[in-house]
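Down below is the structure, laid out as structure tokens.
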Amino acid sequence: MAKTFYVTTPIYYVNDVPHIGHAYTTIAADAIARWKRLKGEDVFFLTGTDEHGQKIERTAESRGETPIQLADRVVKRFENLTPALDITNSDFIRTTEKRHEKAVVEIFERIEAAGDIYLGEYEGWYDVRNEAYITDLQYEEIMSLPEDKRPHVEKVKEESYFFGLSKYGGALLDHYKKHPEFVQPSYRMNEVARFVEGGLKDLSISRTTFNWGIPVPGNPRHVIYVWFDALTNYITAAGFPDDPERFARIWPADVHLVGKDILRFHAVYWPAFLMSAGLPLPRAVFAHGWWTVEGEKMSKSGGNVVDPYQVAEEFGPDVFRYFLLREIPFGQDGDFSKSAIVSRVNGELANGLGNLVSRTLGMIERYRGGSVPAPGEPLPADDDIKKGAIELSEQVEKAMDEIAFHKALSAVWDYIALVNRYVDDEAPWTLAKEGKDERLDTVLWTVAQSIAVVSIFVHPFMPRTSGEILKRLGLGGMKPSLEAARSWGIVEPGLKVEKGAGLFPRYGEKG
Ligand code: ME8
């Protein structure tokens with residue numbers, strides 16, 4: 001049986017509610033999952049929440065809740081993003097679930113059995129906000145920052161279990177060399193490789209000074225380090241360790257999507273844990289960039305945290321999804337602002353796509369009573385539109401293989417512009433006036449076909465719009481597929497179309 005395509009998001013901390021940064025990774029993963037389904041692949045798409053650790057314990061304490069009360073309350077805000085943003089995840093994992101504890105204990109024991117865990121003492125700095133041990137070098141860097149820019153770090157001195165990470169440097173570098181696609185975009189690979197080349201120290205993987213975590217098997221005075229716990233989620237949900245048949249079908253992950261902030265955990269620690277446990281490594285880790293808001297770093301203290309529910313409410317989930325994936329090349333940083341959304345809605349959505357759909361369907365209503373006509377013999381201009389659709393399919397496929405959403409979208413919009421020009425050149429209104437019926441039929445049919453194709457290629461990004469266009473073409477409920485898009489025969493003569501209201505409102509011109 002073919003391997004299931006497996007895509008993941010990070011599991012988000014439940015110390016706070018989701019913001020647009022979390023929505024971004026989840027929307028990106030959803031676009032990939034929908035794209036693979038369009039291609040007919042079997043997809044497993046995982047997201048979830050990271051619920052253990054000192055940060056969660058402290059946040060709960062400060063709110064007068066137990067950690068599990070905090071998690072149970074905040075997790076709903078993450079789970080509800082699924083319907084609010086039309087996310088099609090296959091599973092939602094919480095690290096406080098029993099199935100997960102089992103997987104963490106199992107991988108810990110396998111690594112221990114491999115001789116890679118020993119008891120020692122950790123003395124050094126810890127960054128609770130990022131749940132990260134701070135090396136001496138990082139500490140020096142932190143201390144060289146102006147005081148108000150320094151992340152808070154604490155001194156820790158406690159008994160700890162260590163993972164023998166230092167011995168995996170060579171194996172990791174080997175892996176990177178053999179699989180340059182393991183870290184993407186490629187410019188991030190250098191950063192990861194340089195870090196490993198600098199020499200790896202063994203990693204503390206347990207804590208004793210708080211309780212909120214999974215106990216170390218055989219020594220419950222220790223809880224397992226939250227990153228060791230969290231990374232394991234990716235195999236828990238794939239069926240590790242109880243369902244080996246399912247695990248073999250789903251694991252390894254095809255791509256872990258993460259923000260650049262947590263690349264090191266995924267590209268260095270995680271593969272080392274897996275190597276030690278004798279498990280296959282994920283095929284790729286893709287680190288995307290960072291969103292600022294109106295030019296500023298998003299922060300609670302700055303009071304500029306953007307709520308994804310609000311954006312989806314104000315603009316609709318499709319516009320939100322489109323904006324995030326079109327505005328910046330996936331991998332690079334970008335800025336979120338309402339004016340930038342409005343300019344994309346007005347220019348690309350309302351004028352580009354919305355206008356093409358409404359003028360096409362409007363003409364079929366006006367000239368053919370709302371019924372798609374049968375085409376006559378195509379002329380070279382019609383063939384160009386068909387050829388354009390085939391090229392589009394190749395361009396989107398290439399872009400999606402590179403996880404370059406902006407390129408895929410820009411190819412779709414180039415095609416929309418091509419079809420809009422074709423309509424202008426062929427001037428159906430003149431053909432109607434001059435009674436050139438067969439030519440008019442051919443042009444209307446060709447444009448109807450092209451918008452059906454467009455509706456399929458926008459599906460991963462704007463599923464509602466895609467469904468709405470198909471519905472207006474008389475194809476409501478059709479399952480979009482790449483095969484259909486490539487057939488150049490989705491729209492059959494006789495279909496009843498409906499122009500309906502504008503697909504996208506225009507904003508802001510009034511101020
Ligand atoms: O790090 N721009 O969870 P987290 C873009 N629990 N993406 C952003 C962003 C921004 N401004 N802010 C957050 C954790 N993100 C761990 C992960 S995985 C085994 C454990 C996104 O709640 C981005 O994907 O801090 C980032 O990596 C993630 O949220 C961090 O979420």
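All residue names refer to the structure tokens as shown: chains lettered A, B, ... in order, residues numbered from 1 in each chain, ligands numbered from 1 in order.
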
Expected answer as a CSV table (one decimal) with N, CA and C atoms, in the first residue's frame: residues within 6 Å of ligand 1, only C-alpha atoms and all ligand atoms:
chain,number,residue,atom,x,y,z
A,10,PRO,N,3.7,22.5,14.4
A,10,PRO,CA,4.1,22.4,15.8
A,10,PRO,C,2.9,22.1,16.6
A,11,ILE,N,3.1,21.6,17.8
A,11,ILE,CA,2.0,21.6,18.8
A,11,ILE,C,2.2,22.8,19.6
A,12,TYR,N,1.1,23.6,19.8
A,12,TYR,CA,1.2,24.9,20.4
A,12,TYR,C,1.1,24.9,21.9
A,13,TYR,N,1.8,25.7,22.5
A,13,TYR,CA,1.7,25.8,24.0
A,13,TYR,C,0.3,26.4,24.4
A,21,GLY,N,0.3,34.0,14.2
A,21,GLY,CA,1.4,33.2,13.9
A,21,GLY,C,1.1,31.7,14.0
A,22,HIS,N,0.3,31.3,14.9
A,22,HIS,CA,-0.1,29.9,15.0
A,22,HIS,C,-1.0,29.5,13.9
A,25,THR,N,1.0,28.7,10.5
A,25,THR,CA,1.5,27.4,10.2
A,25,THR,C,0.4,26.4,10.0
A,50,ASP,N,0.8,21.4,23.1
A,50,ASP,CA,1.9,21.1,23.9
A,50,ASP,C,1.5,21.6,25.3
A,230,ALA,N,7.4,16.7,23.8
A,230,ALA,CA,6.6,17.4,22.7
A,230,ALA,C,6.9,16.8,21.3
A,231,LEU,N,8.2,16.6,21.1
A,231,LEU,CA,8.6,16.2,19.7
A,231,LEU,C,8.0,14.8,19.4
A,258,VAL,N,7.4,24.2,10.7
A,258,VAL,CA,7.7,24.8,12.0
A,258,VAL,C,8.1,26.3,11.7
A,259,GLY,N,8.0,27.1,12.7
A,259,GLY,CA,8.6,28.4,12.6
A,259,GLY,C,10.1,28.4,12.8
A,261,ASP,N,11.9,29.7,14.7
A,261,ASP,CA,12.3,29.8,16.1
A,261,ASP,C,12.6,28.4,16.7
A,262,ILE,N,12.0,27.4,16.1
A,262,ILE,CA,12.1,26.0,16.7
A,262,ILE,C,12.7,25.0,15.8
A,289,GLY,N,9.1,31.8,8.1
A,289,GLY,CA,9.5,33.0,8.7
A,289,GLY,C,8.6,33.6,9.7
A,290,TRP,N,8.8,34.8,10.1
A,290,TRP,CA,8.2,35.4,11.3
A,290,TRP,C,7.3,36.6,10.8
A,291,TRP,N,6.1,36.6,11.4
A,291,TRP,CA,5.2,37.8,11.1
A,291,TRP,C,5.4,38.8,12.1
A,292,THR,N,5.5,40.0,11.6
A,292,THR,CA,5.4,41.2,12.5
A,292,THR,C,4.0,41.8,12.2

Near-A:Asp414 list (12 Å; only C-alpha atoms; drop same-chain fewer than 5 positions) as JSON, numbers by chain: {"A": [348, 352, 353, 385, 388, 389, 391, 392, 395, 396, 407, 408, 409, 419, 420, 421, 454]}

Shell around A:Val311 at 9 Å using only C-alpha atoms, local window under 5 positions removed, as an NGL selection string: :A and (20 or 306 or 316-317 or 320)

Using C-alpha atoms, can you export the residues from the last selection as an mmCIF file, in the first residue's frame?
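Produced file again_18.cif, reproduced below:
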data_model
loop_
_atom_site.group_PDB
_atom_site.id
_atom_site.type_symbol
_atom_site.label_atom_id
_atom_site.label_comp_id
_atom_site.auth_asym_id
_atom_site.auth_seq_id
_atom_site.Cartn_x
_atom_site.Cartn_y
_atom_site.Cartn_z
ATOM 1 C CA ILE A 20 -2.004 34.775 13.695
ATOM 2 C CA VAL A 306 -3.725 39.727 16.388
ATOM 3 C CA GLY A 316 -13.685 35.655 5.962
ATOM 4 C CA PRO A 317 -11.350 32.659 6.316
ATOM 5 C CA PHE A 320 -7.176 35.469 5.581
#

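The nearest approach to A:Asp86 among the residues A:Asp318, A:Glu402, A:Asp42, A:Glu154, with only C-alpha atoms taken into account, belongs to A:Asp318.
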
Contacts of stretch 283-402 of chain A with stretch 241-255 of chain A up to 10 Å, shortest pair per row, only C-alpha atoms, as a tab-separated table:
residue	atom	partner	partner_atom	distance
A:Arg283	CA	A:Asp254	CA	5.0
A:Ala284	CA	A:Val255	CA	4.7
A:Val285	CA	A:Val255	CA	5.5
A:Phe286	CA	A:Val255	CA	6.8

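Of the residues listed (A:Phe195, A:Val268, A:Pro217, A:Tyr176), A:Pro217 shows the shortest atom-to-atom separation from A:Val105; distances use only C-alpha atoms.
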
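Relative to atom CA of A:Glu41, atom CA of A:Ala28 is found at 17.5 Å.
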
Which parts of stretch 82-286 of chain A does DSSP call strand (DSSP E or B) when run on the backbone here, written out as a PDB file with C-alpha atoms, in the first residue's frame?
ATOM      1  CA  ASP A  91      -6.154  14.311  14.237  1.00  0.00           C
ATOM      2  CA  PHE A  92      -5.557  16.752  17.077  1.00  0.00           C
ATOM      3  CA  ILE A  93      -3.065  15.598  19.669  1.00  0.00           C
ATOM      4  CA  ARG A  94      -2.746  16.798  23.251  1.00  0.00           C
ATOM      5  CA  ILE A 117      20.807   8.115  28.666  1.00  0.00           C
ATOM      6  CA  TYR A 118      22.780   8.703  31.844  1.00  0.00           C
ATOM      7  CA  LEU A 119      22.197  10.450  35.160  1.00  0.00           C
ATOM      8  CA  GLY A 120      24.175  13.579  35.936  1.00  0.00           C
ATOM      9  CA  GLU A 121      23.730  17.134  37.072  1.00  0.00           C
ATOM     10  CA  TYR A 122      22.711  20.120  34.984  1.00  0.00           C
ATOM     11  CA  GLU A 123      24.114  23.437  36.019  1.00  0.00           C
ATOM     12  CA  GLY A 124      23.425  26.359  33.755  1.00  0.00           C
ATOM     13  CA  TRP A 125      20.814  28.701  32.382  1.00  0.00           C
ATOM     14  CA  TYR A 126      17.251  27.970  31.400  1.00  0.00           C
ATOM     15  CA  ASP A 127      14.821  30.051  29.368  1.00  0.00           C
ATOM     16  CA  ALA A 132      15.221  25.881  26.338  1.00  0.00           C
ATOM     17  CA  TYR A 133      18.607  25.259  27.930  1.00  0.00           C
ATOM     18  CA  ILE A 134      20.917  28.147  27.234  1.00  0.00           C
ATOM     19  CA  GLU A 154      17.138  31.485  35.195  1.00  0.00           C
ATOM     20  CA  LYS A 155      19.959  29.629  36.851  1.00  0.00           C
ATOM     21  CA  VAL A 156      19.244  25.920  37.245  1.00  0.00           C
ATOM     22  CA  LYS A 157      21.268  23.424  39.226  1.00  0.00           C
ATOM     23  CA  GLU A 158      19.703  19.999  39.609  1.00  0.00           C
ATOM     24  CA  GLU A 159      20.093  16.311  39.083  1.00  0.00           C
ATOM     25  CA  SER A 160      19.171  15.456  35.524  1.00  0.00           C
ATOM     26  CA  TYR A 161      19.120  12.678  33.000  1.00  0.00           C
ATOM     27  CA  PHE A 162      21.153  13.452  29.923  1.00  0.00           C
ATOM     28  CA  PHE A 163      20.817  12.296  26.340  1.00  0.00           C
ATOM     29  CA  VAL A 183      16.114  21.173   6.100  1.00  0.00           C
ATOM     30  CA  GLN A 184      14.211  23.669   3.970  1.00  0.00           C
ATOM     31  CA  LEU A 203      21.255  17.404  26.368  1.00  0.00           C
ATOM     32  CA  SER A 204      19.491  17.493  29.709  1.00  0.00           C
ATOM     33  CA  SER A 206      14.669  15.677  32.698  1.00  0.00           C
ATOM     34  CA  ARG A 207      13.867  18.163  35.445  1.00  0.00           C
ATOM     35  CA  PRO A 215       7.556  11.015  34.938  1.00  0.00           C
ATOM     36  CA  VAL A 216      10.844   9.399  33.943  1.00  0.00           C
ATOM     37  CA  ASN A 219      12.483   7.474  38.609  1.00  0.00           C
ATOM     38  CA  PRO A 220       9.319   9.534  39.082  1.00  0.00           C
ATOM     39  CA  ARG A 221      11.187  12.268  40.962  1.00  0.00           C
ATOM     40  CA  HIS A 222      12.104  13.450  37.476  1.00  0.00           C
ATOM     41  CA  VAL A 223       9.759  14.699  34.803  1.00  0.00           C
ATOM     42  CA  ILE A 224      10.787  14.350  31.166  1.00  0.00           C
ATOM     43  CA  VAL A 255       7.268  17.340   6.255  1.00  0.00           C
ATOM     44  CA  HIS A 256       7.274  18.984   9.665  1.00  0.00           C
ATOM     45  CA  LEU A 257       6.271  22.620   9.231  1.00  0.00           C
ATOM     46  CA  VAL A 258       7.736  24.823  11.955  1.00  0.00           C
ATOM     47  CA  GLY A 259       8.562  28.438  12.594  1.00  0.00           C
ATOM     48  CA  VAL A 285      11.635  20.026   8.202  1.00  0.00           C
ATOM     49  CA  PHE A 286      10.491  23.296   6.658  1.00  0.00           C
TER      50      PHE A 286
END

Sel. of alpha helix (DSSP H) residues, stretch 217-400 of chain A, as an MDAnalysis selection string: chainID A and resid 226:231 233:236 244:250 263:264 270:277 308:315 317:327 338:344 355:368 380:400

Interatomic distance, atom CA of A:Ser166 to atom CA of A:Glu109 (Å, one decimal): 19.1 Å

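Proximity ranking of A:Arg129, A:Lys167, A:Gly467, A:Ile328 relative to A:His152 places A:Arg129 first, based on only C-alpha atoms.
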
Spatial neighbours of A:Asn233, max dist 10 Å, only C-alpha atoms, sep filter under 6 positions, as a PDB file with N, CA and C atoms, in the first residue's frame:
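Wrote around03.pdb, looks like this:
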ATOM      1  N   THR A   8       2.801  17.856   9.394  1.00  0.00           N
ATOM      2  CA  THR A   8       2.515  18.266  10.773  1.00  0.00           C
ATOM      3  C   THR A   8       2.701  19.768  10.955  1.00  0.00           C
ATOM      4  N   PRO A  10       3.681  22.485  14.382  1.00  0.00           N
ATOM      5  CA  PRO A  10       4.148  22.351  15.761  1.00  0.00           C
ATOM      6  C   PRO A  10       2.914  22.130  16.649  1.00  0.00           C
ATOM      7  N   ILE A  11       3.128  21.575  17.813  1.00  0.00           N
ATOM      8  CA  ILE A  11       2.014  21.562  18.766  1.00  0.00           C
ATOM      9  C   ILE A  11       2.198  22.802  19.641  1.00  0.00           C
ATOM     10  N   LEU A  46      -1.559  16.421  10.974  1.00  0.00           N
ATOM     11  CA  LEU A  46      -1.619  16.481  12.433  1.00  0.00           C
ATOM     12  C   LEU A  46      -1.326  17.878  12.963  1.00  0.00           C
ATOM     13  N   THR A  47      -2.141  18.295  13.924  1.00  0.00           N
ATOM     14  CA  THR A  47      -1.826  19.477  14.709  1.00  0.00           C
ATOM     15  C   THR A  47      -2.214  19.148  16.157  1.00  0.00           C
ATOM     16  N   GLY A  48      -1.959  20.086  17.065  1.00  0.00           N
ATOM     17  CA  GLY A  48      -2.317  19.784  18.454  1.00  0.00           C
ATOM     18  C   GLY A  48      -1.683  20.755  19.427  1.00  0.00           C
ATOM     19  N   THR A  49      -1.634  20.338  20.680  1.00  0.00           N
ATOM     20  CA  THR A  49      -1.147  21.251  21.726  1.00  0.00           C
ATOM     21  C   THR A  49      -0.116  20.597  22.641  1.00  0.00           C
ATOM     22  N   ASP A  50       0.776  21.448  23.102  1.00  0.00           N
ATOM     23  CA  ASP A  50       1.913  21.078  23.941  1.00  0.00           C
ATOM     24  C   ASP A  50       1.526  21.552  25.346  1.00  0.00           C
ATOM     25  N   ILE A  93      -3.685  16.286  18.530  1.00  0.00           N
ATOM     26  CA  ILE A  93      -3.065  15.598  19.669  1.00  0.00           C
ATOM     27  C   ILE A  93      -2.824  16.547  20.825  1.00  0.00           C
ATOM     28  N   ARG A  94      -3.076  16.053  22.027  1.00  0.00           N
ATOM     29  CA  ARG A  94      -2.746  16.798  23.251  1.00  0.00           C
ATOM     30  C   ARG A  94      -1.720  15.950  23.999  1.00  0.00           C
ATOM     31  N   THR A  95      -0.665  16.606  24.463  1.00  0.00           N
ATOM     32  CA  THR A  95       0.398  15.801  25.084  1.00  0.00           C
ATOM     33  C   THR A  95      -0.012  15.252  26.453  1.00  0.00           C
ATOM     34  N   ARG A  99      -2.369   8.085  25.344  1.00  0.00           N
ATOM     35  CA  ARG A  99      -1.648   7.475  24.204  1.00  0.00           C
ATOM     36  C   ARG A  99      -0.272   8.117  24.038  1.00  0.00           C
ATOM     37  N   HIS A 100      -0.211   9.409  24.380  1.00  0.00           N
ATOM     38  CA  HIS A 100       1.053  10.125  24.198  1.00  0.00           C
ATOM     39  C   HIS A 100       2.045   9.755  25.295  1.00  0.00           C
ATOM     40  N   GLU A 101       1.571   9.686  26.504  1.00  0.00           N
ATOM     41  CA  GLU A 101       2.460   9.293  27.605  1.00  0.00           C
ATOM     42  C   GLU A 101       3.101   7.939  27.292  1.00  0.00           C
ATOM     43  N   ALA A 103       3.737   6.627  24.395  1.00  0.00           N
ATOM     44  CA  ALA A 103       4.750   6.757  23.338  1.00  0.00           C
ATOM     45  C   ALA A 103       6.031   7.377  23.894  1.00  0.00           C
ATOM     46  N   VAL A 104       5.882   8.371  24.773  1.00  0.00           N
ATOM     47  CA  VAL A 104       7.060   9.045  25.334  1.00  0.00           C
ATOM     48  C   VAL A 104       7.860   8.068  26.198  1.00  0.00           C
ATOM     49  N   PHE A 240       2.551   4.992  17.071  1.00  0.00           N
ATOM     50  CA  PHE A 240       3.649   4.437  17.873  1.00  0.00           C
ATOM     51  C   PHE A 240       3.218   4.369  19.342  1.00  0.00           C
TER      52      PHE A 240
END

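Picture a line from atom CA of A:Ala427 to atom CA of A:Glu492; it runs 22.2 Å.
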
Top pick for closest residue to A:Pro375, considering A:Asn211, A:Asn15, A:Gln449, A:Thr442 and counting only C-alpha atoms: A:Thr442

Residue contacts of A:Glu365 (9 Å, only C-alpha atoms) excluding same-chain residues fewer than 4 positions away, as a list in words: Thr360, Leu361, Gly369, Gly370, Ser371, Val372, Val497, Glu498 and Lys499 of chain A

Close residues, stretch 53-67 of chain A itself excluded, 8 Å, only C-alpha atoms, min 2 positions apart in chain, as a list of chain:residue names: A:Tyr13, A:Val14, A:Asn15, A:Glu51, A:Gln69, A:Leu70, A:Ala71, A:Val128, A:Arg129, A:Glu131, A:Phe210, A:Trp212, A:Gly213, A:Tyr225, A:Val226

Saved selection, atoms kept: all heavy atoms, as a short mmCIF file (atom, residue, chain, number, x, y, z; two decimals), in the first residue's frame:
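Dumped to again39.cif:
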data_model
loop_
_atom_site.label_atom_id
_atom_site.label_comp_id
_atom_site.auth_asym_id
_atom_site.auth_seq_id
_atom_site.Cartn_x
_atom_site.Cartn_y
_atom_site.Cartn_z
N TYR A 13 1.81 25.72 22.55
CA TYR A 13 1.70 25.83 24.00
C TYR A 13 0.33 26.36 24.39
O TYR A 13 -0.16 27.33 23.77
CB TYR A 13 2.75 26.79 24.56
CG TYR A 13 4.16 26.27 24.52
CD1 TYR A 13 5.18 27.01 23.92
CD2 TYR A 13 4.50 25.05 25.11
CE1 TYR A 13 6.49 26.56 23.90
CE2 TYR A 13 5.81 24.58 25.09
CZ TYR A 13 6.80 25.34 24.49
OH TYR A 13 8.09 24.89 24.46
N VAL A 14 -0.23 25.80 25.45
CA VAL A 14 -1.56 26.26 25.90
C VAL A 14 -1.47 27.31 27.00
O VAL A 14 -2.44 27.56 27.69
CB VAL A 14 -2.43 25.08 26.39
CG1 VAL A 14 -2.92 24.23 25.23
CG2 VAL A 14 -1.68 24.24 27.42
N ASN A 15 -0.28 27.92 27.15
CA ASN A 15 -0.21 28.99 28.17
C ASN A 15 -0.94 30.24 27.70
O ASN A 15 -1.30 31.08 28.50
CB ASN A 15 1.25 29.32 28.51
CG ASN A 15 1.96 29.93 27.33
OD1 ASN A 15 2.00 29.31 26.26
ND2 ASN A 15 2.48 31.12 27.47
N GLU A 51 1.28 20.62 26.25
CA GLU A 51 0.57 21.00 27.48
C GLU A 51 1.38 20.81 28.76
O GLU A 51 0.89 21.11 29.84
CB GLU A 51 -0.76 20.23 27.55
CG GLU A 51 -1.61 20.45 26.31
CD GLU A 51 -3.03 19.91 26.41
OE1 GLU A 51 -3.33 19.21 27.40
OE2 GLU A 51 -3.84 20.20 25.50
N GLN A 69 -6.44 22.22 34.23
CA GLN A 69 -7.58 23.15 34.03
C GLN A 69 -7.24 24.19 32.97
O GLN A 69 -8.04 24.50 32.09
CB GLN A 69 -7.94 23.87 35.35
CG GLN A 69 -8.78 23.02 36.29
CD GLN A 69 -8.93 23.65 37.68
OE1 GLN A 69 -8.12 24.51 38.09
NE2 GLN A 69 -9.94 23.22 38.41
N LEU A 70 -6.03 24.73 33.08
CA LEU A 70 -5.58 25.71 32.09
C LEU A 70 -5.60 25.08 30.68
O LEU A 70 -6.14 25.64 29.73
CB LEU A 70 -4.17 26.19 32.43
CG LEU A 70 -3.47 27.05 31.38
CD1 LEU A 70 -4.07 28.44 31.32
CD2 LEU A 70 -1.96 27.16 31.67
N ALA A 71 -5.02 23.89 30.59
CA ALA A 71 -4.93 23.22 29.28
C ALA A 71 -6.32 22.93 28.73
O ALA A 71 -6.60 23.21 27.55
CB ALA A 71 -4.13 21.93 29.41
N VAL A 128 12.64 29.82 30.42
CA VAL A 128 11.35 29.16 30.65
C VAL A 128 10.37 29.46 29.50
O VAL A 128 9.61 28.60 29.08
CB VAL A 128 10.72 29.56 32.00
CG1 VAL A 128 9.35 28.92 32.20
CG2 VAL A 128 11.65 29.16 33.15
N ARG A 129 10.42 30.68 28.99
CA ARG A 129 9.48 31.04 27.94
C ARG A 129 9.64 30.13 26.71
O ARG A 129 8.68 29.69 26.11
CB ARG A 129 9.65 32.50 27.52
CG ARG A 129 8.45 33.07 26.82
CD ARG A 129 8.60 34.56 26.61
NE ARG A 129 9.61 34.84 25.60
CZ ARG A 129 9.37 34.83 24.28
NH1 ARG A 129 8.17 34.58 23.83
NH2 ARG A 129 10.33 35.09 23.43
N GLU A 131 11.32 27.24 26.94
CA GLU A 131 11.61 25.91 27.47
C GLU A 131 12.93 25.39 26.89
O GLU A 131 13.02 24.27 26.40
CB GLU A 131 10.47 24.93 27.15
CG GLU A 131 9.12 25.31 27.80
CD GLU A 131 9.03 24.97 29.30
OE1 GLU A 131 10.08 24.66 29.93
OE2 GLU A 131 7.91 25.03 29.86
N PHE A 210 10.10 20.85 39.32
CA PHE A 210 8.65 21.04 39.21
C PHE A 210 8.06 19.70 38.79
O PHE A 210 8.79 18.76 38.48
CB PHE A 210 8.30 22.17 38.23
CG PHE A 210 8.68 21.85 36.83
CD1 PHE A 210 7.76 21.25 35.97
CD2 PHE A 210 9.95 22.11 36.36
CE1 PHE A 210 8.11 20.91 34.68
CE2 PHE A 210 10.31 21.78 35.07
CZ PHE A 210 9.39 21.18 34.23
N TRP A 212 5.02 19.18 36.56
CA TRP A 212 4.05 19.06 35.48
C TRP A 212 4.68 18.48 34.22
O TRP A 212 5.13 19.22 33.33
CB TRP A 212 3.37 20.42 35.22
CG TRP A 212 2.29 20.36 34.19
CD1 TRP A 212 2.23 21.12 33.05
CD2 TRP A 212 1.13 19.54 34.18
NE1 TRP A 212 1.10 20.80 32.34
CE2 TRP A 212 0.41 19.83 33.01
CE3 TRP A 212 0.62 18.54 35.05
CZ2 TRP A 212 -0.79 19.19 32.68
CZ3 TRP A 212 -0.56 17.91 34.72
CH2 TRP A 212 -1.26 18.24 33.57
N GLY A 213 4.70 17.16 34.17
CA GLY A 213 5.27 16.50 33.00
C GLY A 213 5.10 15.00 33.13
O GLY A 213 4.45 14.51 34.07
N TYR A 225 11.87 16.23 30.11
CA TYR A 225 12.01 17.56 29.50
C TYR A 225 10.91 17.76 28.46
O TYR A 225 10.65 16.90 27.63
CB TYR A 225 13.40 17.65 28.87
CG TYR A 225 13.69 18.88 28.07
CD1 TYR A 225 13.28 20.14 28.48
CD2 TYR A 225 14.43 18.78 26.87
CE1 TYR A 225 13.58 21.28 27.73
CE2 TYR A 225 14.74 19.90 26.13
CZ TYR A 225 14.30 21.15 26.56
OH TYR A 225 14.59 22.26 25.81
N VAL A 226 10.28 18.92 28.52
CA VAL A 226 9.08 19.15 27.71
C VAL A 226 9.34 19.03 26.20
O VAL A 226 8.46 18.59 25.45
CB VAL A 226 8.41 20.49 28.08
CG1 VAL A 226 9.32 21.67 27.78
CG2 VAL A 226 7.08 20.66 27.37
#

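Between A:Arg439 and the candidates A:Leu379, A:Ile32, A:Val196, A:Ile469, the tightest atom-to-atom separation, counting only C-alpha atoms, involves A:Leu379.
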